[in-house]
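As provided, protein.txt (compact mmCIF, C-alpha atoms and all ligand atoms) reads as follows.
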```
# COMPACT_ATOMS: atom_id res chain seq x y z
CA MET A 296 24.21 2.45 -19.26
CA HIS A 297 20.81 0.66 -19.44
CA ASP A 298 21.87 -1.59 -16.59
CA ARG A 299 21.86 1.15 -13.97
CA LEU A 300 19.19 -0.65 -12.00
CA MET A 301 17.61 0.23 -8.69
CA THR A 302 19.19 -2.06 -6.09
CA PRO A 303 17.51 -2.91 -2.74
CA GLU A 304 19.82 -0.34 -1.09
CA ILE A 305 18.76 2.35 -3.56
CA LYS A 306 15.06 1.50 -3.15
CA ALA A 307 15.49 1.72 0.64
CA LEU A 308 17.05 5.17 0.27
CA LEU A 309 14.26 6.33 -2.06
CA ILE A 310 11.52 5.08 0.27
CA SER A 311 13.22 6.66 3.25
CA ILE A 312 13.18 10.03 1.47
CA GLY A 313 9.72 9.40 0.00
CA SER A 314 9.61 12.32 -2.44
CA VAL A 315 11.08 13.47 -5.74
CA SER A 316 11.12 16.61 -7.83
CA ILE A 317 10.10 16.18 -11.46
CA ASP A 318 8.96 18.26 -14.39
CA PRO A 319 5.18 17.58 -14.37
CA SER A 320 5.15 17.13 -18.15
CA LEU A 321 7.21 13.93 -17.73
CA VAL A 322 4.60 12.30 -15.48
CA PRO A 323 2.41 9.85 -17.41
CA ARG A 324 -1.32 10.63 -17.42
CA ALA A 325 -2.82 9.74 -14.08
CA ARG A 326 -6.08 10.11 -12.23
CA GLY A 327 -6.25 11.66 -8.77
CA SER A 328 -6.63 9.29 -5.83
CA THR A 329 -6.33 9.35 -2.10
CA ALA A 330 -5.87 5.64 -1.41
CA GLY A 331 -2.92 4.86 0.79
CA PRO A 332 -0.30 7.16 2.21
CA GLY A 333 0.40 10.66 0.95
CA ALA A 334 -3.32 11.38 0.62
CA GLY A 335 -3.97 14.39 -1.57
CA ILE A 336 -0.36 14.67 -2.80
CA SER A 337 0.34 13.59 -6.35
CA SER A 338 3.00 11.00 -6.89
CA VAL A 339 5.02 9.20 -9.50
CA PHE A 340 5.89 5.53 -10.03
CA PHE A 341 9.47 4.76 -11.06
CA ARG A 342 10.28 1.26 -12.29
CA SER A 343 13.78 -0.04 -12.75
CA GLY A 344 14.25 -3.72 -13.56
CA GLU A 345 11.95 -5.74 -11.34
CA ARG A 346 11.56 -3.05 -8.66
CA ARG A 347 9.02 -0.28 -8.40
CA VAL A 348 8.89 2.72 -6.11
CA ARG A 349 6.25 5.36 -5.54
CA LEU A 350 7.45 8.86 -4.67
CA SER A 351 5.43 11.96 -3.81
CA ILE A 352 6.18 14.93 -6.01
CA ARG A 353 7.88 17.74 -4.08
CA GLU A 354 9.86 20.54 -5.59
CA ASP A 355 12.35 20.71 -2.72
CA SER A 356 13.15 16.96 -2.62
CA PRO A 357 16.83 15.92 -2.68
CA LEU A 358 15.79 13.37 -5.32
CA SER A 359 15.00 14.35 -8.88
CA ILE A 360 13.91 12.56 -12.02
CA GLU A 361 14.99 13.72 -15.45
CA LYS A 362 14.72 12.43 -19.00
CA SER A 363 17.79 10.34 -19.78
CA GLY A 364 17.49 10.49 -23.57
CA ASP A 365 17.66 6.65 -23.79
CA GLU A 366 14.87 4.45 -25.02
CA SER A 367 14.08 0.86 -24.19
CA GLY A 368 11.40 -1.11 -26.07
CA GLY A 369 10.03 2.17 -27.50
CA GLU A 370 9.72 3.72 -24.03
CA SER A 371 11.55 6.82 -22.86
CA MET A 372 13.93 6.17 -20.01
CA VAL A 373 14.45 8.51 -17.09
CA SER A 374 17.31 8.95 -14.63
CA LEU A 375 16.90 9.32 -10.92
CA PHE A 376 19.37 11.62 -9.16
CA PHE A 377 20.22 12.08 -5.49
CA GLU A 378 21.77 15.47 -4.81
CA GLY A 379 22.81 15.66 -8.45
CA LYS A 380 24.35 12.16 -8.66
CA GLU A 381 22.67 9.58 -10.90
CA LEU A 382 21.46 6.62 -8.84
CA ALA A 383 19.34 4.59 -11.24
CA ARG A 384 17.68 4.51 -14.63
CA GLY A 385 14.23 3.25 -15.37
CA ARG A 386 10.86 4.32 -16.67
CA LEU A 387 7.82 6.06 -15.29
CA GLU A 388 4.70 3.96 -15.04
CA PRO A 389 1.23 5.36 -15.61
CA ALA A 390 -1.17 4.97 -12.71
CA LEU A 391 -4.70 5.39 -14.02
CA ALA A 392 -6.39 4.67 -10.72
CA HIS A 393 -3.95 5.22 -7.86
CA CYS A 394 -1.27 2.67 -8.83
CA PRO A 395 -0.05 0.89 -11.95
CA GLU A 396 -1.97 -2.07 -13.41
CA GLN A 397 -4.83 -1.93 -10.93
CA ALA A 398 -8.00 0.00 -10.38
CA PHE A 399 -7.31 0.72 -6.71
CA ILE A 400 -10.24 2.73 -5.45
CA THR A 401 -10.96 4.43 -2.16
CA LEU A 402 -14.72 4.21 -1.84
CA CYS A 403 -15.11 6.61 1.05
CA GLU A 404 -12.46 9.28 1.60
CA ARG A 405 -13.73 10.13 5.09
CA CYS A 406 -13.37 8.46 8.44
CA ILE A 407 -15.14 8.62 11.77
CA PHE A 408 -12.04 7.27 13.52
CA ASP A 409 -9.10 9.44 14.38
CA CYS A 410 -5.85 7.49 13.99
CA LYS A 411 -3.26 10.09 14.85
CA TYR A 412 -0.98 9.65 11.82
CA CYS A 413 -3.75 9.62 9.21
CA PRO A 414 -4.86 12.75 7.32
CA VAL A 415 -8.14 11.21 6.06
CA PRO A 416 -10.33 12.27 9.05
CA LYS A 417 -9.09 15.85 8.56
CA LEU A 418 -9.77 15.92 4.84
CA GLN A 419 -13.45 14.89 4.92
CA GLY A 420 -13.25 13.87 1.28
CA HIS A 421 -15.61 12.47 -1.28
CA VAL A 422 -17.74 9.33 -1.04
CA LYS A 423 -17.92 7.57 -4.39
CA SER A 424 -21.17 6.25 -5.79
CA GLU A 425 -21.36 2.86 -7.46
CA GLU A 426 -21.47 4.69 -10.77
CA ASP A 427 -18.22 6.58 -9.94
CA VAL A 428 -16.48 3.30 -9.11
CA LEU A 429 -17.61 1.49 -12.23
CA LYS A 430 -16.54 4.45 -14.37
CA ILE A 431 -12.99 4.29 -12.96
CA VAL A 432 -12.75 0.52 -13.42
CA ASP A 433 -14.03 0.85 -16.99
CA GLU A 434 -11.47 3.53 -17.77
CA VAL A 435 -8.57 1.35 -16.60
CA PHE A 436 -10.08 -1.66 -18.41
CA LYS A 437 -10.40 0.26 -21.69
CA ALA A 438 -6.80 1.44 -21.39
CA GLY A 439 -5.84 -2.26 -21.30
CA GLN A 440 -4.23 -1.93 -17.89
CA LEU A 441 -6.66 -3.71 -15.63
CA LYS A 442 -4.92 -6.64 -13.97
CA ALA A 443 -6.66 -6.32 -10.60
CA ILE A 444 -9.35 -4.38 -8.79
CA SER A 445 -8.63 -3.27 -5.23
CA LEU A 446 -11.12 -1.57 -2.95
CA THR A 447 -10.44 0.28 0.24
CA SER A 448 -12.47 2.66 2.33
CA GLY A 449 -12.46 4.96 5.29
CA VAL A 450 -15.54 4.82 7.49
CA GLU A 451 -18.34 7.23 6.61
CA GLU A 452 -20.77 6.22 9.38
CA THR A 453 -20.26 2.64 10.56
CA VAL A 454 -17.79 -0.18 9.86
CA GLU A 455 -20.75 -2.42 8.92
CA GLY A 456 -21.82 0.20 6.38
CA GLU A 457 -18.42 -0.03 4.65
CA VAL A 458 -18.57 -3.84 4.50
CA ASP A 459 -22.02 -3.51 2.89
CA ARG A 460 -20.73 -0.87 0.49
CA VAL A 461 -18.09 -3.33 -0.77
CA LEU A 462 -20.57 -6.21 -0.89
CA GLY A 463 -22.92 -4.07 -2.96
CA LEU A 464 -20.21 -3.47 -5.54
CA LEU A 465 -18.68 -6.93 -5.89
CA PRO A 466 -21.36 -8.42 -8.19
CA ALA A 467 -20.79 -5.68 -10.77
CA LEU A 468 -16.99 -5.97 -10.51
CA LYS A 469 -16.81 -9.74 -10.96
CA LYS A 470 -17.59 -9.44 -14.66
CA TYR A 471 -14.12 -7.95 -15.35
CA GLY A 472 -12.62 -11.35 -14.62
CA VAL A 473 -9.62 -10.02 -12.65
CA PRO A 474 -8.71 -10.70 -9.02
CA ILE A 475 -10.41 -8.43 -6.50
CA GLY A 476 -8.82 -7.34 -3.24
CA VAL A 477 -10.67 -5.74 -0.34
CA SER A 478 -9.22 -3.69 2.49
CA VAL A 479 -11.66 -2.36 5.09
CA TYR A 480 -12.03 -2.35 8.85
CA PRO A 481 -13.32 -5.92 9.28
CA THR A 482 -16.50 -7.08 10.99
CA GLU A 483 -17.30 -10.56 12.29
CA GLY A 484 -18.17 -12.83 9.36
CA CYS A 485 -17.26 -10.29 6.65
CA SER A 486 -14.52 -12.50 5.16
CA ARG A 487 -16.97 -15.26 4.30
CA LYS A 488 -19.29 -12.72 2.67
CA PHE A 489 -16.45 -11.10 0.67
CA TYR A 490 -15.22 -14.51 -0.45
CA GLU A 491 -18.64 -15.68 -1.55
CA ALA A 492 -19.20 -12.42 -3.42
CA GLY A 493 -16.00 -12.93 -5.47
CA ALA A 494 -13.12 -11.27 -3.59
CA SER A 495 -9.85 -13.20 -3.79
CA GLU A 496 -7.72 -11.40 -1.20
CA VAL A 497 -8.23 -9.20 1.85
CA LYS A 498 -6.09 -6.77 3.81
CA TYR A 499 -7.21 -5.86 7.31
CA ASN A 500 -4.70 -3.46 8.79
CA VAL A 501 -3.36 -3.91 12.31
CA GLU A 502 -1.52 -0.56 11.82
CA THR A 503 0.94 -1.45 14.60
CA MET A 504 1.54 -4.63 16.60
CA ASP A 505 2.80 -2.68 19.61
CA SER A 506 -0.33 -2.66 21.77
CA GLU A 507 0.72 0.39 23.80
CA ILE A 508 1.35 2.44 20.68
CA PHE A 509 -1.86 1.10 19.14
CA GLN A 510 -3.80 2.36 22.13
CA LYS A 511 -2.26 5.81 21.79
CA VAL A 512 -2.59 6.28 18.04
CA CYS A 513 -5.62 4.17 17.06
CA GLY A 514 -7.65 4.67 20.24
CA GLY A 515 -11.03 4.06 18.58
CA LEU A 516 -10.06 0.66 17.14
CA PHE A 517 -9.42 -2.74 18.71
CA LEU A 518 -6.26 -4.66 17.88
CA ASP A 519 -7.48 -7.99 19.31
CA GLU A 520 -10.60 -7.76 17.22
CA ILE A 521 -8.62 -7.11 14.04
CA LEU A 522 -6.36 -10.10 14.81
CA GLU A 523 -9.42 -12.28 15.34
CA ARG A 524 -10.83 -11.18 11.96
CA LEU A 525 -7.46 -11.87 10.30
CA LYS A 526 -7.53 -15.40 11.69
CA GLU A 527 -11.01 -15.91 10.23
CA ALA A 528 -9.80 -14.51 6.91
CA VAL A 529 -6.94 -17.03 6.64
CA ASP A 530 -9.41 -19.87 7.28
CA ILE A 531 -11.49 -18.65 4.36
CA PHE A 532 -9.08 -17.17 1.82
CA GLY A 533 -6.11 -19.39 2.66
CA LYS A 534 -2.41 -18.71 3.11
CA ASN A 535 -0.82 -16.01 0.95
CA ARG A 536 -4.17 -14.27 0.40
CA VAL A 537 -4.46 -12.28 3.63
CA PHE A 538 -2.40 -9.16 4.38
CA SER A 539 -2.13 -6.51 7.02
CA ASN A 540 -0.43 -3.11 6.97
CA PHE A 541 2.02 -2.71 9.82
CA ILE A 542 3.22 0.87 10.07
CA ILE A 543 6.91 1.45 10.76
CA GLY A 544 8.03 4.67 12.40
CA LEU A 545 5.51 5.19 15.21
CA GLY A 546 8.15 4.68 17.90
CA GLU A 547 8.12 0.84 17.95
CA THR A 548 11.38 -1.05 18.52
CA ASP A 549 12.84 -3.51 16.02
CA ASP A 550 12.23 -6.29 18.55
CA ALA A 551 8.55 -5.36 18.69
CA VAL A 552 8.45 -5.46 14.89
CA ARG A 553 10.04 -8.92 14.89
CA GLU A 554 7.54 -10.18 17.43
CA GLY A 555 4.65 -8.62 15.51
CA ILE A 556 5.72 -10.12 12.17
CA GLU A 557 6.14 -13.51 13.86
CA THR A 558 2.64 -13.34 15.40
CA LEU A 559 1.03 -12.44 12.08
CA ALA A 560 3.06 -14.93 10.01
CA LYS A 561 2.26 -17.74 12.43
CA MET A 562 -1.42 -17.03 11.76
CA GLY A 563 -0.79 -17.15 7.98
CA VAL A 564 -1.03 -13.38 7.54
CA ILE A 565 1.54 -11.48 5.44
CA PRO A 566 2.45 -8.15 7.00
CA VAL A 567 3.04 -5.14 4.76
CA LEU A 568 5.74 -3.10 6.53
CA ARG A 569 4.65 0.42 5.70
CA PRO A 570 6.89 3.40 6.47
CA VAL A 571 4.88 6.10 8.17
CA SER A 572 4.27 9.23 6.07
CA PRO A 573 4.30 12.20 8.44
CA HIS A 574 1.53 14.46 7.12
CA PRO A 575 1.38 18.24 7.65
CA LEU A 576 -2.25 17.95 8.82
CA ARG A 577 -1.06 15.61 11.58
CA ALA A 578 2.06 17.48 12.71
CA GLY A 579 2.55 16.91 16.44
CA ASP A 580 -0.41 14.50 16.83
CA CYS A 581 1.81 11.46 17.43
CA PHE A 582 5.41 10.34 17.09
CA ALA A 583 6.00 9.71 13.39
CA GLU A 584 9.46 9.29 11.92
CA ARG A 585 10.23 7.97 8.46
CA PRO A 586 12.55 4.94 8.90
CA SER A 587 16.17 5.20 7.70
CA PRO A 588 17.32 3.15 4.68
CA GLU A 589 19.36 0.93 7.03
CA ARG A 590 16.32 0.20 9.19
CA LEU A 591 14.16 -0.54 6.14
CA LEU A 592 16.73 -3.04 4.87
CA LYS A 593 17.09 -4.66 8.26
CA LEU A 594 13.33 -5.05 8.75
CA ALA A 595 12.72 -6.30 5.20
CA LYS A 596 15.40 -8.99 5.69
CA MET A 597 13.85 -9.90 9.04
CA GLU A 598 10.44 -10.20 7.38
CA ALA A 599 11.82 -12.30 4.51
CA GLU A 600 13.33 -14.78 7.00
CA ILE A 601 10.18 -15.08 9.10
CA LEU A 602 7.86 -15.44 6.10
CA LYS A 603 10.10 -18.18 4.71
CA LYS A 604 9.95 -20.00 8.02
CA TYR A 605 6.14 -20.07 7.81
CA GLY A 606 6.01 -20.85 4.07
CA LEU A 607 4.46 -17.49 3.14
CA LYS A 608 5.09 -16.00 -0.31
CA PRO A 609 4.11 -12.33 -0.72
CA GLU A 610 5.19 -12.42 -4.37
CA LEU A 611 2.06 -14.49 -5.11
CA ALA A 612 -0.17 -11.53 -4.20
CA GLU A 613 -2.55 -10.52 -6.96
CA THR A 614 -4.05 -7.30 -5.63
CA MET A 615 -3.54 -4.22 -3.43
CA CYS A 616 -0.20 -3.13 -1.92
CA PRO A 617 1.60 -6.50 -1.92
CA ARG A 618 1.02 -6.63 -5.69
CA CYS A 619 2.02 -2.99 -6.23
CA THR A 620 5.04 -2.80 -3.84
CA GLY A 621 5.52 0.90 -4.61
CA CYS A 622 5.57 2.17 -1.03
CA ASP A 623 7.46 -0.61 0.70
CA LEU A 624 10.73 -2.48 0.66
CA VAL A 625 9.35 -6.00 0.29
CA PRO A 626 11.06 -9.41 0.60
CA SER A 627 11.04 -9.87 -3.20
CA ASP A 628 13.03 -6.60 -3.54
CA LEU A 629 15.99 -8.12 -1.69
S1 LIG A 701 1.94 0.16 -2.24
FE1 LIG A 701 -0.26 0.39 -1.78
S2 LIG A 701 -0.52 2.48 -1.01
FE2 LIG A 701 1.48 2.35 -2.04
S3 LIG A 701 1.06 3.06 -4.13
FE3 LIG A 701 0.97 0.85 -4.13
S4 LIG A 701 -1.18 0.35 -3.81
FE4 LIG A 701 -0.88 2.48 -3.19
```
Using C-alpha cells, write down the structure that the file contains.
Amino acid sequence: MHDRLMTPEIKALLISIGSVSIDPSLVPRARGSTAGPGAGISSVFFRSGERRVRLSIREDSPLSIEKSGDESGGESMVSLFFEGKELARGRLEPALAHCPEQAFITLCERCIFDCKYCPVPKLQGHVKSEEDVLKIVDEVFKAGQLKAISLTSGVEETVEGEVDRVLGLLPALKKYGVPIGVSVYPTEGCSRKFYEAGASEVKYNVETMDSEIFQKVCGGLFLDEILERLKEAVDIFGKNRVFSNFIIGLGETDDAVREGIETLAKMGVIPVLRPVSPHPLRAGDCFAERPSPERLLKLAKMEAEILKKYGLKPELAETMCPRCTGCDLVPSDL
C-alpha cells in the first residue's frame, strides 16, 4: 500500500481543513517559528510522493496522522486519516527553522501595520538579533538540511528599517553558498540593493489584488506602490525570481482572482495563492473564510494556465514559499 499517494484533490482537501491531530511524539524535532500563517501554532509537514502539505496541530481536527507501521528507505511511514478513513500515506518532514530544507527566519515578529487578518500586530513578538539569525542558520547547516535561506519580517518601526535589517545580514549569509530569498514590505530601490548584496529571489506581498478589499483590510499599505516595486524587482531579478502572496478567502470573487493573477503574471511576477488562515486573535476583524477544496483546485488550475501563457515556471523557485509549497495548492501539484 506504499502507493497511497496524496493526489491534488486530497491536498486541496487537507489545505482547506488546514489542521491535523497527531501524537506529539511522532512530530520530528522542530524549532519554533512564527513566519507565515498560523503564527504561534505548531505545525507538521506531511510529504507524500512529490507533494508536501503543512498542517497546524489541533486536537479536534477531522484529520489525523498515525504511524502506519511501514518503512520506506529506512524512514517510518505515517497514514493520514479523514474522519477515520485513510486518505494517504507518506512521511513527516523535519522543519528545523519554520519549514523543511530551508532556514526561513522571521527577523521581526512585530508590526506597526494592522492588516485585519494578521495576528502579528497583536502578538508583539520577538525581534531577532544578527547573532540569533546566524545561530539558526548554523543549526540548519550543521544538520545538513540547508538548501536555502529565506528572510521575512514584520515592521518594528519603519519599512526602511526592515530593508536595512536584511541588508545588514546578507553579507554574513552569503558564505553559506545557498540561494537567499527576501520577503519584506518593499521600498523604492530596495531590489537593486538586495540583489547586489547577494539575494537571489524576492517576494513582495500584494495580499489581495481586489483594491476595495485591500483598502479595507490593509488600510496602512499601498497596493500601487507594491506593484511598482514588483515591477522594479522583475527588471532586476528576472522572470521566475519574483513572487507575491495573494490571499484567498477575503471575500474576493474568482473573476477578481483571475484578473489579479493575469496582472501579476503579465509583469513577470508569480503569485502565491495563499488560503487565509482565520486567527482567533482576529475574529470578526474582517471577512475571512478558508476556501473549499473545489475552489482551491479551480484557482490553482486557473493560475497554472495563466502562468503558462506568460512563460512563468514556479517550480524553478529556490527559496521561500514557492520552494516549500506546504501551505498552497500550486501549479506543480496538479
Ligand atoms: S509555504 Fe511558506 S508560509 Fe507555508 S510553511 Fe512553507 S514557507 Fe512557511
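The space between atom CA of Val529 of chain A and atom CA of Leu611 of chain A spans 15.0 Å.
When all atoms listed in the file are used to measure the gap to ligand LIG 701 (chain A), the shortest distance among A:Val473, A:Met562, A:Val571, A:Leu602 belongs to A:Val571.
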- Query: Quick one: residues within 9 Å of segment 461-463 of chain A, all atoms listed in the file counted, chain neighbours fewer than 2 positions away excluded, as a PyMOL selection string?
  - Reply: chain A and resi 402+425+446-448+456-459+465-467+477+479+488-489+492
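The nearest approach to Val564 of chain A among the residues A:Lys511, A:Lys498, A:Arg577, A:Lys604, with all atoms listed in the file taken into account, belongs to A:Lys498.
Using all atoms listed in the file as the basis for the distance check, residues found within 6 Å of ligand LIG 701 (chain A) are A:Gly331, A:Pro332, A:Arg349, A:Cys394, A:Met615, A:Cys616, A:Cys619, A:Thr620, A:Gly621, A:Cys622.
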- Test item: residues at most 8 Å from segment 533-541 of chain A, all atoms listed in the file, excluding those fewer than 4 positions along its chain, as a list of chain:residue names: A:Ser495, A:Glu496, A:Val497, A:Lys498, A:Tyr499, A:Asn500, A:Val501, A:Glu502, A:Thr503, A:Met504, A:Leu525, A:Ala528, A:Val529, A:Gly563, A:Val564, A:Ile565, A:Pro566, A:Val567, A:Leu568, A:Arg569, A:Leu607, A:Lys608, A:Pro609, A:Leu611, A:Ala612, A:Pro617
Select from segment 402-521 of chain A every residue with an atom at most 12 Å from any atom of segment 376-390 of chain A, then for each give the shortest pair of atoms and their distance in Å to one decimal, using all atoms listed in the file, rows by chain and rising number, as CSV.
```
residue,atom,partner,partner_atom,distance
A:Ile431,CA,A:Ala390,CA,11.8
A:Glu434,CA,A:Ala390,CA,11.6
A:Val435,CA,A:Ala390,CA,9.1
A:Ala438,CA,A:Pro389,CA,10.6
A:Gly439,CA,A:Pro389,CA,11.9
A:Gln440,CA,A:Ala390,CA,9.2
A:Leu441,CA,A:Ala390,CA,10.7
```
- Query: Which one is closest to Val552 of chain A: A:Cys406, A:Pro588, A:Ile521, A:Leu594? Count all atoms listed in the file.
  - Reply: A:Leu594
- Message: Can you pull out the residues contacting Ala578 of chain A? Cut-off 10 Å, using only C-alpha atoms, and skip same-chain residues under 4 positions away; I want them as a ChimeraX atom specification.
- Response: /A:411-412,414,573-574,582-583
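Across the model, the gap from atom CA of Lys437 of chain A to atom CA of Glu361 of chain A is 29.4 Å.
Note that the spacing between atom CA of Arg346 of chain A and atom CA of Leu309 of chain A amounts to 11.8 Å.
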- Using only C-alpha atoms: which of A:Ser627, A:Ser320, A:Ser572, A:Ser506 has the shortest distance to Pro303 of chain A: A:Ser627
- Among the residues A:Gly449, A:Pro481, A:Pro395, A:Gly514, the one that comes closest to Leu418 of chain A [using only C-alpha atoms]: A:Gly449
- Item | All residues 10 Å or closer to Leu516 of chain A, all atoms listed in the file, same chain fewer than 4 positions away omitted, as number ranges by chain | A: 408-410, 480, 501, 509-510, 512, 520-521
Selected residues, C-alpha atoms, written as a PDB file, in the frame of the given file, please.
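Dumped everything to out.pdb:
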```pdb
ATOM      1  CA  PHE A 408     -12.040   7.270  13.520  1.00  0.00           C
ATOM      2  CA  ASP A 409      -9.100   9.440  14.380  1.00  0.00           C
ATOM      3  CA  CYS A 410      -5.850   7.490  13.990  1.00  0.00           C
ATOM      4  CA  TYR A 480     -12.030  -2.350   8.850  1.00  0.00           C
ATOM      5  CA  VAL A 501      -3.360  -3.910  12.310  1.00  0.00           C
ATOM      6  CA  PHE A 509      -1.860   1.100  19.140  1.00  0.00           C
ATOM      7  CA  GLN A 510      -3.800   2.360  22.130  1.00  0.00           C
ATOM      8  CA  VAL A 512      -2.590   6.280  18.040  1.00  0.00           C
ATOM      9  CA  GLU A 520     -10.600  -7.760  17.220  1.00  0.00           C
ATOM     10  CA  ILE A 521      -8.620  -7.110  14.040  1.00  0.00           C
TER      11      ILE A 521
END
```
- Measuring atom to atom with all atoms listed in the file, identify which of A:Pro575, A:Pro626, A:Pro586, A:Gly420 is nearest to Glu600 of chain A. A:Pro626
